[in-house]
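What follows is a set of notes on a single structure, which appears directly below.
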Amino acid sequence: MTHSRRPGRAWIITPGLRTDRFEAARTCGASVAVVDIEDSVALPDKQAARTASETFFTLPEPPPCTLGIRMNGLTTLDGIKDLVALAAYTARPDLIVVPKVEAARDVELVAAALDADGYTPDIWALIESPRAFDHLPEIMRAPRLGGVIFGSADYAASVRCGLGWDALHYARSALINAATAANIPAIDAPTWELDDPDALRRDAERAKELGFYGKGCVHPRHVQVIDDVFTPTAEEIAEARAIVAAADASGGTVTTVDGHMRGTPFFNAARALVAEADQTS
């Protein structure tokens, strides 16, 4: 199965009615900027947000990052209206974030409604309910699924658990396992503390350690911290190159590198990191 090119590490989401924030979201340095017409918009304002959000994609020149939209859930009337509106946009999003996904069919419906000649948007699923976690393998098999995003707030509200790392550790690990099995990237939920850079960095480091490809955020000042954490350091790349060299020198058999035993799993991880570093340099 082939999937879309993996986008960058930092994703920013901005409310669909806050047109005054659109330019900042597009130019803050995030790799993906998503305009939201779901949770950040009250029910009476959905149509206004639908209309306003088209200007997020109407630019005189190519945008500096991937531009996306988070639509409403497909089990709501607003979600159906969103698909109709998005199909009529003259400037269309590169990426569609589908909330409350609980079946592969959700992804297929969005593709069926929006795919057109010369336009096949990247479709990402927000995984944010217990039922979604029960159906992860099936969801991951959707042919048009580009990746998944963890919706921590909705999941915690459904389960009635806290938003702390320990409370959501199982959900994050389960999502990473399923995404990796399907060879698609997973993006972690934002850190909701806006003015605590230490908490943000700690959450980002934990997410990276678990295997997340990147992390969402709701404020432009979070972008740099996320990029710093998820971008491999010069030291990590140098260590990976040393492991690859040792693997080649040993003919792929178990060897030692700087006092650590290294074998095939380490070799594979190091080669992947080196390949990514060479591709982005």
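Residue names in the structure tokens use chain letters A, B, ... in the order shown, residue numbers from 1 in each chain, and ligand numbers from 1 in the order shown.
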Spatial neighbours of stretch 140-152 of chain A, max dist 6 Å, only C-alpha atoms, sep filter under 4 positions, as a list in words:
His3, Ser4, Ala104, Asp122, Ile123, Trp124, Ala125, Leu126, Ile127, Glu128, Ala156, Ile184, Pro185, Ala186, Ile187, Asp188 and Ala189 of chain A
Need the shell around A:His169: protein/DNA/RNA residues with any atom at most 12 Å away, counting only C-alpha atoms. Skip same-chain ones fewer than 5 positions apart. Format as an mmCIF file with N, CA, C and O atoms, in the first residue's frame?
```cif
data_model
loop_
_atom_site.group_PDB
_atom_site.id
_atom_site.type_symbol
_atom_site.label_atom_id
_atom_site.label_comp_id
_atom_site.auth_asym_id
_atom_site.auth_seq_id
_atom_site.Cartn_x
_atom_site.Cartn_y
_atom_site.Cartn_z
ATOM 1 N N PHE A 150 -3.711 11.804 17.288
ATOM 2 C CA PHE A 150 -4.338 11.447 18.558
ATOM 3 C C PHE A 150 -5.140 12.630 19.085
ATOM 4 O O PHE A 150 -4.619 13.729 19.242
ATOM 5 N N SER A 152 -6.488 13.751 22.165
ATOM 6 C CA SER A 152 -6.419 13.448 23.601
ATOM 7 C C SER A 152 -7.606 13.989 24.384
ATOM 8 O O SER A 152 -8.117 13.323 25.292
ATOM 9 N N TYR A 155 -10.802 11.918 23.709
ATOM 10 C CA TYR A 155 -10.639 10.576 24.250
ATOM 11 C C TYR A 155 -10.745 10.588 25.781
ATOM 12 O O TYR A 155 -11.454 9.764 26.370
ATOM 13 N N ALA A 156 -10.061 11.524 26.413
ATOM 14 C CA ALA A 156 -10.100 11.597 27.878
ATOM 15 C C ALA A 156 -11.512 11.894 28.381
ATOM 16 O O ALA A 156 -11.948 11.344 29.401
ATOM 17 N N CYS A 161 -11.073 10.000 31.988
ATOM 18 C CA CYS A 161 -9.763 9.923 32.624
ATOM 19 C C CYS A 161 -9.095 11.289 32.541
ATOM 20 O O CYS A 161 -9.604 12.217 31.902
ATOM 21 N N GLY A 162 -7.960 11.412 33.186
ATOM 22 C CA GLY A 162 -7.226 12.663 33.151
ATOM 23 C C GLY A 162 -6.483 12.843 31.841
ATOM 24 O O GLY A 162 -6.374 11.928 31.025
ATOM 25 N N LEU A 163 -5.964 14.059 31.643
ATOM 26 C CA LEU A 163 -5.198 14.365 30.440
ATOM 27 C C LEU A 163 -3.704 14.169 30.644
ATOM 28 O O LEU A 163 -2.917 14.444 29.747
ATOM 29 N N GLY A 164 -3.318 13.688 31.841
ATOM 30 C CA GLY A 164 -1.902 13.483 32.134
ATOM 31 C C GLY A 164 -1.311 12.354 31.306
ATOM 32 O O GLY A 164 -2.024 11.508 30.750
ATOM 33 N N ALA A 174 -1.017 2.300 21.894
ATOM 34 C CA ALA A 174 -1.838 1.500 20.983
ATOM 35 C C ALA A 174 -1.902 2.157 19.605
ATOM 36 O O ALA A 174 -1.838 1.475 18.569
ATOM 37 N N LEU A 175 -2.016 3.478 19.585
ATOM 38 C CA LEU A 175 -2.097 4.189 18.309
ATOM 39 C C LEU A 175 -0.777 4.076 17.538
ATOM 40 O O LEU A 175 -0.774 3.827 16.325
ATOM 41 N N ILE A 176 0.336 4.229 18.239
ATOM 42 C CA ILE A 176 1.648 4.107 17.603
ATOM 43 C C ILE A 176 1.839 2.700 17.034
ATOM 44 O O ILE A 176 2.325 2.524 15.909
ATOM 45 N N ASP A 188 1.010 13.425 17.568
ATOM 46 C CA ASP A 188 0.480 13.510 18.931
ATOM 47 C C ASP A 188 -0.409 14.745 19.092
ATOM 48 O O ASP A 188 -0.298 15.723 18.345
ATOM 49 N N ASP A 203 6.445 16.912 27.075
ATOM 50 C CA ASP A 203 5.451 16.132 26.336
ATOM 51 C C ASP A 203 5.972 15.742 24.957
ATOM 52 O O ASP A 203 5.757 14.615 24.485
ATOM 53 N N ARG A 206 8.508 12.949 25.252
ATOM 54 C CA ARG A 206 7.844 11.668 25.516
ATOM 55 C C ARG A 206 7.176 11.129 24.252
ATOM 56 O O ARG A 206 7.219 9.921 23.968
ATOM 57 N N ALA A 207 6.532 12.019 23.508
ATOM 58 C CA ALA A 207 5.862 11.591 22.274
ATOM 59 C C ALA A 207 6.869 11.052 21.269
ATOM 60 O O ALA A 207 6.637 10.025 20.625
ATOM 61 N N GLU A 209 9.754 9.750 21.991
ATOM 62 C CA GLU A 209 10.273 8.483 22.517
ATOM 63 C C GLU A 209 9.313 7.334 22.254
ATOM 64 O O GLU A 209 9.729 6.202 21.994
ATOM 65 N N LEU A 210 8.011 7.619 22.299
ATOM 66 C CA LEU A 210 7.016 6.576 22.029
ATOM 67 C C LEU A 210 6.964 6.195 20.562
ATOM 68 O O LEU A 210 6.545 5.088 20.219
#
```
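Checking A:Tyr170, A:Arg105, A:Thr14, A:Gly79 one by one against A:Pro130, counting only C-alpha atoms, you find the shortest gap at A:Tyr170.
Here the question is which of A:Lys208, A:Arg50, A:Arg92, A:Lys81 gets nearest to A:Ala116 using only C-alpha atoms, and that residue is A:Arg92.
DSSP, applied to the backbone of this structure, assigns strand (DSSP E) to the following residues of stretch 109-198 of chain A: Asp122, Ile123, Trp124, Ala125, Leu126, Ile127, Leu145, Gly146, Gly147, Val148, Ile149, Phe150, Ala186, Ile187 and Asp188 of chain A.
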Could you list, as a PDB file with N, CA and C atoms, in the first residue's frame, every residue within 9 Å of A:Phe56, counting only C-alpha atoms and ignoring same-chain residues fewer than 6 positions away?
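For reference, part06.pdb as written:
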```
ATOM      1  N   GLY A  16     -11.548  28.495  12.645  1.00  0.00           N
ATOM      2  CA  GLY A  16     -12.021  28.883  11.331  1.00  0.00           C
ATOM      3  C   GLY A  16     -12.639  30.267  11.245  1.00  0.00           C
ATOM      4  N   THR A  19     -10.132  34.809  11.193  1.00  0.00           N
ATOM      5  CA  THR A  19      -9.381  35.119   9.979  1.00  0.00           C
ATOM      6  C   THR A  19      -8.172  36.002  10.273  1.00  0.00           C
ATOM      7  N   PHE A  22      -5.100  33.797  10.492  1.00  0.00           N
ATOM      8  CA  PHE A  22      -4.753  32.904   9.383  1.00  0.00           C
ATOM      9  C   PHE A  22      -3.315  33.094   8.921  1.00  0.00           C
ATOM     10  N   GLU A  23      -2.922  34.344   8.717  1.00  0.00           N
ATOM     11  CA  GLU A  23      -1.577  34.597   8.199  1.00  0.00           C
ATOM     12  C   GLU A  23      -0.514  34.102   9.166  1.00  0.00           C
ATOM     13  N   ARG A  26      -0.172  30.354   8.927  1.00  0.00           N
ATOM     14  CA  ARG A  26       0.490  29.893   7.699  1.00  0.00           C
ATOM     15  C   ARG A  26       1.992  30.154   7.705  1.00  0.00           C
ATOM     16  N   VAL A  35      -6.857  24.790   9.479  1.00  0.00           N
ATOM     17  CA  VAL A  35      -7.940  25.650   9.927  1.00  0.00           C
ATOM     18  C   VAL A  35      -9.066  24.741  10.430  1.00  0.00           C
ATOM     19  N   LEU A  67      -1.321  23.124   3.833  1.00  0.00           N
ATOM     20  CA  LEU A  67      -2.525  23.720   4.409  1.00  0.00           C
ATOM     21  C   LEU A  67      -3.659  22.697   4.449  1.00  0.00           C
ATOM     22  N   GLY A  68      -4.310  22.603   5.619  1.00  0.00           N
ATOM     23  CA  GLY A  68      -5.380  21.632   5.778  1.00  0.00           C
ATOM     24  C   GLY A  68      -6.578  22.212   6.485  1.00  0.00           C
ATOM     25  N   ALA A  91     -10.249  27.365  -4.038  1.00  0.00           N
ATOM     26  CA  ALA A  91      -8.907  27.052  -3.533  1.00  0.00           C
ATOM     27  C   ALA A  91      -9.080  25.956  -2.496  1.00  0.00           C
ATOM     28  N   PRO A  93      -7.957  22.649   0.118  1.00  0.00           N
ATOM     29  CA  PRO A  93      -6.905  22.236   1.065  1.00  0.00           C
ATOM     30  C   PRO A  93      -6.083  21.061   0.554  1.00  0.00           C
TER      31      PRO A  93
END
```
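Using only C-alpha atoms, the smallest distance between any of A:Ala270, A:Ile13, A:Leu109, A:Val254 and A:Ala242 comes from A:Ala270.
Residue nearest A:Gly263, chosen from A:Ala238, A:Leu43, A:Ile243, A:Val98 and counting only C-alpha atoms: A:Ile243.
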For A:Ala245: contacts at 10 Å, only C-alpha atoms, fewer than 4 positions along chain excluded, given as number ranges by chain:
A: 239-241, 249-252, 257, 267, 270-271
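For the choices A:Pro44, A:Pro265, A:Gly216, A:Pro121, the atom-to-atom distance to A:Thr191 is smallest for A:Gly216 when using only C-alpha atoms.
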Nearest to A:Lys100 by atom-to-atom distance, counting only C-alpha atoms, from A:Glu61, A:Asp278, A:Asp154, A:Asp115:
A:Asp154
Please list as an NGL selection string every residue within 7 Å of stretch 221-225 of chain A, counting only C-alpha atoms and excluding residues in the same chain fewer than 3 positions away.
:A and (10 or 29-30 or 201 or 217 or 228-229)
Looking only at the backbone, which of the residues in stretch 27-228 of chain A does DSSP tag as helix (DSSP H, G or I), as an NGL selection string?
:A and (27 or 43-56 or 77-88 or 104-114 or 130-134 or 136-140 or 152-159 or 169-181 or 197-210 or 220-228)
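If you look at atom CA of A:Ile226 and atom CA of A:Tyr213, they are 10.7 Å away from each other.
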